[in-house]
Protein chains: 2
Amino acid sequence: MSDYSELKPDFNKGLLTAVLQHHTNKNVLMVGYMDEEAFRRTCAEGVVWFFSRSKGRLWMKGESSGHVQTVKDMYLDCDSDALLVQVDPQGPTCHRNTESCFDLDVSFTLRDLEDTVRERAENPEEGSY
Amino acid sequence: MSDYSELKPDFNKGLLTAVLQHHTNKNVLMVGYMDEEAFRRTCAEGVVWFFSRSKGRLWMKGESSGHVQTVKDMYLDCDSDALLVQVDPQGPTCHRNTESCFDLDVSFTLRDLEDTVRERAENPEEGSY
């Protein structure tokens with residue numbers, strides 16, 4: 001695991017806004033918020049923890065679904081109140097069972113194309129060529 | 001310009017968190033916040049407006065630098081309190097004159113490679129081949 005000790009978020013401004021991005025296809029998956037303890041656990045454990053504003057408690061993303069977000073890299077922004085977390089998601093990120101909490105289904109990515117080609121090769125349809 | 005009238009952010013929870021992503025290389029450029037008026041102007045004008053929490057006022061991104069962010073597409077998240085804005089940035093997004101407010105300089109993108117190849121072709125260095 002990487003060393004994130006050089007990252008010093010500014011928690012005086014409130015919660016840290018965390019943007020989760022898929023580490024290979026670069027889709028933005030979700031936005032969440034971290035307090036100091038969520039950030040500390042994320043750095044220590046290598047999986048994403050949030051502070052849930054609605055639940056009012058710490059929350060490991062995927063704690064009930066099993067779809068944890070493995071941290072690949074993290075970047076703090078220029079005023080230290082936003083964090084970009086590049087992740088390897090263990091399953092769909094959104095509770096709706098979609099890859100992203102944003103409705104990116106109309107977006108095109110190379111990975112989508114690869115998945116489609118692989119899926120069609122494995123499950124050929126008559127008349128499709 | 002696209003029609004964003006189907007996007008209905010929930011401003012009852014406070015400001016809308018807006019993530020700006022480059023529309024082609026998919027780098028995350030910055031995080032900002034919108035109130036209803038900033039969101040309305042962004043939809044109407046096709047360039048990104050924020051509500052600055054530090055300045056306490058509406059703020060068109062690039063109003064002083066000229067580096068406005070042209071909106072290419074927008075996606076609301078599943079609980080309607082975060083917005084992904086895919087943009088064509090007119091110049092560096094960060095006030096430090098970097099592409100992103102996140103320190104992505106160690107990251108590798110195809111566009112970076114293209115830029116490097118083009119820059120070196122235009123400004124050849126002796127001994128470089």
# chains A, B, ... in the order shown; residues from 1 in each chain; ligands from 1
call {"tool": "calpha_fit_rmsd", "arguments": {"fixed": "chain A", "moving": "chain B"}}
result
0.5 Å
call {"tool": "interface_residues", "arguments": {"of": "chain A", "to": "chain B", "cutoff": "8 Å", "atoms": "only C-alpha atoms", "output": "mmCIF file with C-alpha atoms, in the first residue's frame"}}
result
data_model
loop_
_atom_site.group_PDB
_atom_site.id
_atom_site.type_symbol
_atom_site.label_atom_id
_atom_site.label_comp_id
_atom_site.auth_asym_id
_atom_site.auth_seq_id
_atom_site.Cartn_x
_atom_site.Cartn_y
_atom_site.Cartn_z
ATOM 1 C CA VAL A 19 -14.486 12.090 -5.343
ATOM 2 C CA LYS A 26 -11.522 7.011 -15.152
ATOM 3 C CA ASN A 27 -15.307 7.168 -14.719
ATOM 4 C CA VAL A 28 -16.398 9.261 -11.743
ATOM 5 C CA MET A 30 -19.528 8.812 -6.549
ATOM 6 C CA VAL A 31 -18.979 11.728 -4.190
ATOM 7 C CA TYR A 75 -4.650 13.256 -4.530
ATOM 8 C CA LEU A 76 -5.477 16.334 -2.444
ATOM 9 C CA ASP A 77 -6.554 19.519 -4.220
ATOM 10 C CA CYS A 78 -4.798 22.888 -4.107
ATOM 11 C CA ALA A 82 -11.165 17.980 -1.632
ATOM 12 C CA LEU A 83 -9.715 14.525 -2.206
ATOM 13 C CA LEU A 84 -9.587 12.537 -5.424
ATOM 14 C CA CYS A 94 -24.091 2.642 -6.657
ATOM 15 C CA CYS A 101 -23.890 6.965 -8.909
ATOM 16 C CA PHE A 102 -23.970 9.324 -11.887
ATOM 17 C CA ASP A 103 -26.098 8.188 -14.827
ATOM 18 C CA LEU A 104 -23.223 7.558 -17.178
#
call {"tool": "residues_around", "arguments": {"residues": "A:Gly46", "least_positions_apart": "6", "cutoff": "12 Å", "atoms": "only C-alpha atoms", "output": "number ranges by chain"}}
result
A: 1-4, 38-40, 60-61, 68-74, 85-89
call {"tool": "write_last_selection", "arguments": {"atoms": "N, CA, C and O atoms", "output": "compact mmCIF listing (two decimals), in the first residue's frame"}}
result
# COMPACT_ATOMS: atom_id res chain seq x y z
N MET A 1 0.84 -1.20 0.00
CA MET A 1 0.00 0.00 0.00
C MET A 1 0.87 1.25 0.00
O MET A 1 1.97 1.24 0.53
N SER A 2 0.37 2.29 -0.62
CA SER A 2 1.14 3.53 -0.71
C SER A 2 1.16 4.26 0.63
O SER A 2 0.37 3.97 1.53
N ASP A 3 2.04 5.21 0.71
CA ASP A 3 2.16 6.03 1.91
C ASP A 3 1.48 7.37 1.64
O ASP A 3 1.88 8.10 0.75
N TYR A 4 0.43 7.66 2.38
CA TYR A 4 -0.32 8.89 2.15
C TYR A 4 -0.04 9.93 3.24
O TYR A 4 -0.80 10.86 3.42
N ALA A 38 -12.48 9.08 9.24
CA ALA A 38 -12.73 8.35 7.99
C ALA A 38 -11.49 8.43 7.10
O ALA A 38 -11.10 7.43 6.48
N PHE A 39 -10.87 9.60 7.06
CA PHE A 39 -9.66 9.75 6.24
C PHE A 39 -8.53 8.88 6.80
O PHE A 39 -7.83 8.20 6.05
N ARG A 40 -8.37 8.88 8.13
CA ARG A 40 -7.31 8.10 8.76
C ARG A 40 -7.49 6.60 8.46
O ARG A 40 -6.55 5.90 8.10
N MET A 60 -18.01 2.41 6.25
CA MET A 60 -17.11 1.87 5.23
C MET A 60 -17.94 1.58 4.00
O MET A 60 -18.92 0.83 4.06
N LYS A 61 -17.56 2.22 2.89
CA LYS A 61 -18.30 2.00 1.63
C LYS A 61 -18.26 0.51 1.30
O LYS A 61 -17.17 -0.07 1.23
N VAL A 68 -16.69 -3.09 -1.54
CA VAL A 68 -15.74 -2.12 -1.00
C VAL A 68 -14.96 -1.48 -2.15
O VAL A 68 -14.94 -1.98 -3.27
N GLN A 69 -14.34 -0.34 -1.84
CA GLN A 69 -13.59 0.42 -2.82
C GLN A 69 -12.12 0.37 -2.42
O GLN A 69 -11.71 1.02 -1.45
N THR A 70 -11.34 -0.41 -3.15
CA THR A 70 -9.92 -0.51 -2.85
C THR A 70 -9.18 0.71 -3.40
O THR A 70 -9.32 1.04 -4.57
N VAL A 71 -8.43 1.37 -2.52
CA VAL A 71 -7.73 2.60 -2.90
C VAL A 71 -6.50 2.26 -3.73
O VAL A 71 -5.67 1.45 -3.33
N LYS A 72 -6.39 2.89 -4.91
CA LYS A 72 -5.20 2.74 -5.74
C LYS A 72 -4.30 3.96 -5.62
O LYS A 72 -3.08 3.85 -5.66
N ASP A 73 -4.91 5.15 -5.51
CA ASP A 73 -4.12 6.37 -5.36
C ASP A 73 -5.02 7.48 -4.82
O ASP A 73 -6.25 7.42 -4.99
N MET A 74 -4.42 8.48 -4.18
CA MET A 74 -5.20 9.61 -3.66
C MET A 74 -4.44 10.90 -3.93
O MET A 74 -3.21 10.94 -3.85
N VAL A 85 -9.94 10.18 -5.05
CA VAL A 85 -9.55 8.81 -4.68
C VAL A 85 -9.74 7.92 -5.90
O VAL A 85 -10.85 7.72 -6.36
N GLN A 86 -8.64 7.43 -6.43
CA GLN A 86 -8.73 6.50 -7.55
C GLN A 86 -8.83 5.10 -6.97
O GLN A 86 -8.00 4.70 -6.15
N VAL A 87 -9.89 4.39 -7.39
CA VAL A 87 -10.24 3.14 -6.72
C VAL A 87 -10.42 1.99 -7.71
O VAL A 87 -10.67 2.19 -8.89
N ASP A 88 -10.30 0.80 -7.14
CA ASP A 88 -10.66 -0.43 -7.84
C ASP A 88 -11.92 -0.93 -7.12
O ASP A 88 -11.83 -1.50 -6.03
N PRO A 89 -13.10 -0.67 -7.70
CA PRO A 89 -14.34 -1.01 -6.99
C PRO A 89 -14.63 -2.51 -7.07
O PRO A 89 -14.54 -3.10 -8.13
call {"tool": "closest_residue", "arguments": {"among": "B:Arg57, B:Leu15, B:Ser5, B:Gly62", "to": "B:Ala44", "atoms": "only C-alpha atoms"}}
result
B:Ser5
call {"tool": "atom_distance", "arguments": {"atom1": "atom CA of A:Thr98", "atom2": "atom CA of B:Val48"}}
result
27.0 Å
call {"tool": "atom_distance", "arguments": {"atom1": "atom CA of B:Leu58", "atom2": "atom CA of B:Asp35"}}
result
8.4 Å
call {"tool": "atom_distance", "arguments": {"atom1": "atom CA of B:Gln90", "atom2": "atom CA of B:Leu7"}}
result
24.8 Å
call {"tool": "select_by_dssp", "arguments": {"residues": "chain B", "states": "strand (DSSP E or B)", "output": "PyMOL selection string"}}
result
chain B and resi 16-22+28-34+47+49-52+57-60+69-77+82-89+102
call {"tool": "select_by_dssp", "arguments": {"residues": "stretch 20-105 of chain A", "states": "helix (DSSP H, G or I)", "output": "MDAnalysis selection string"}}
result
chainID A and resid 36:45
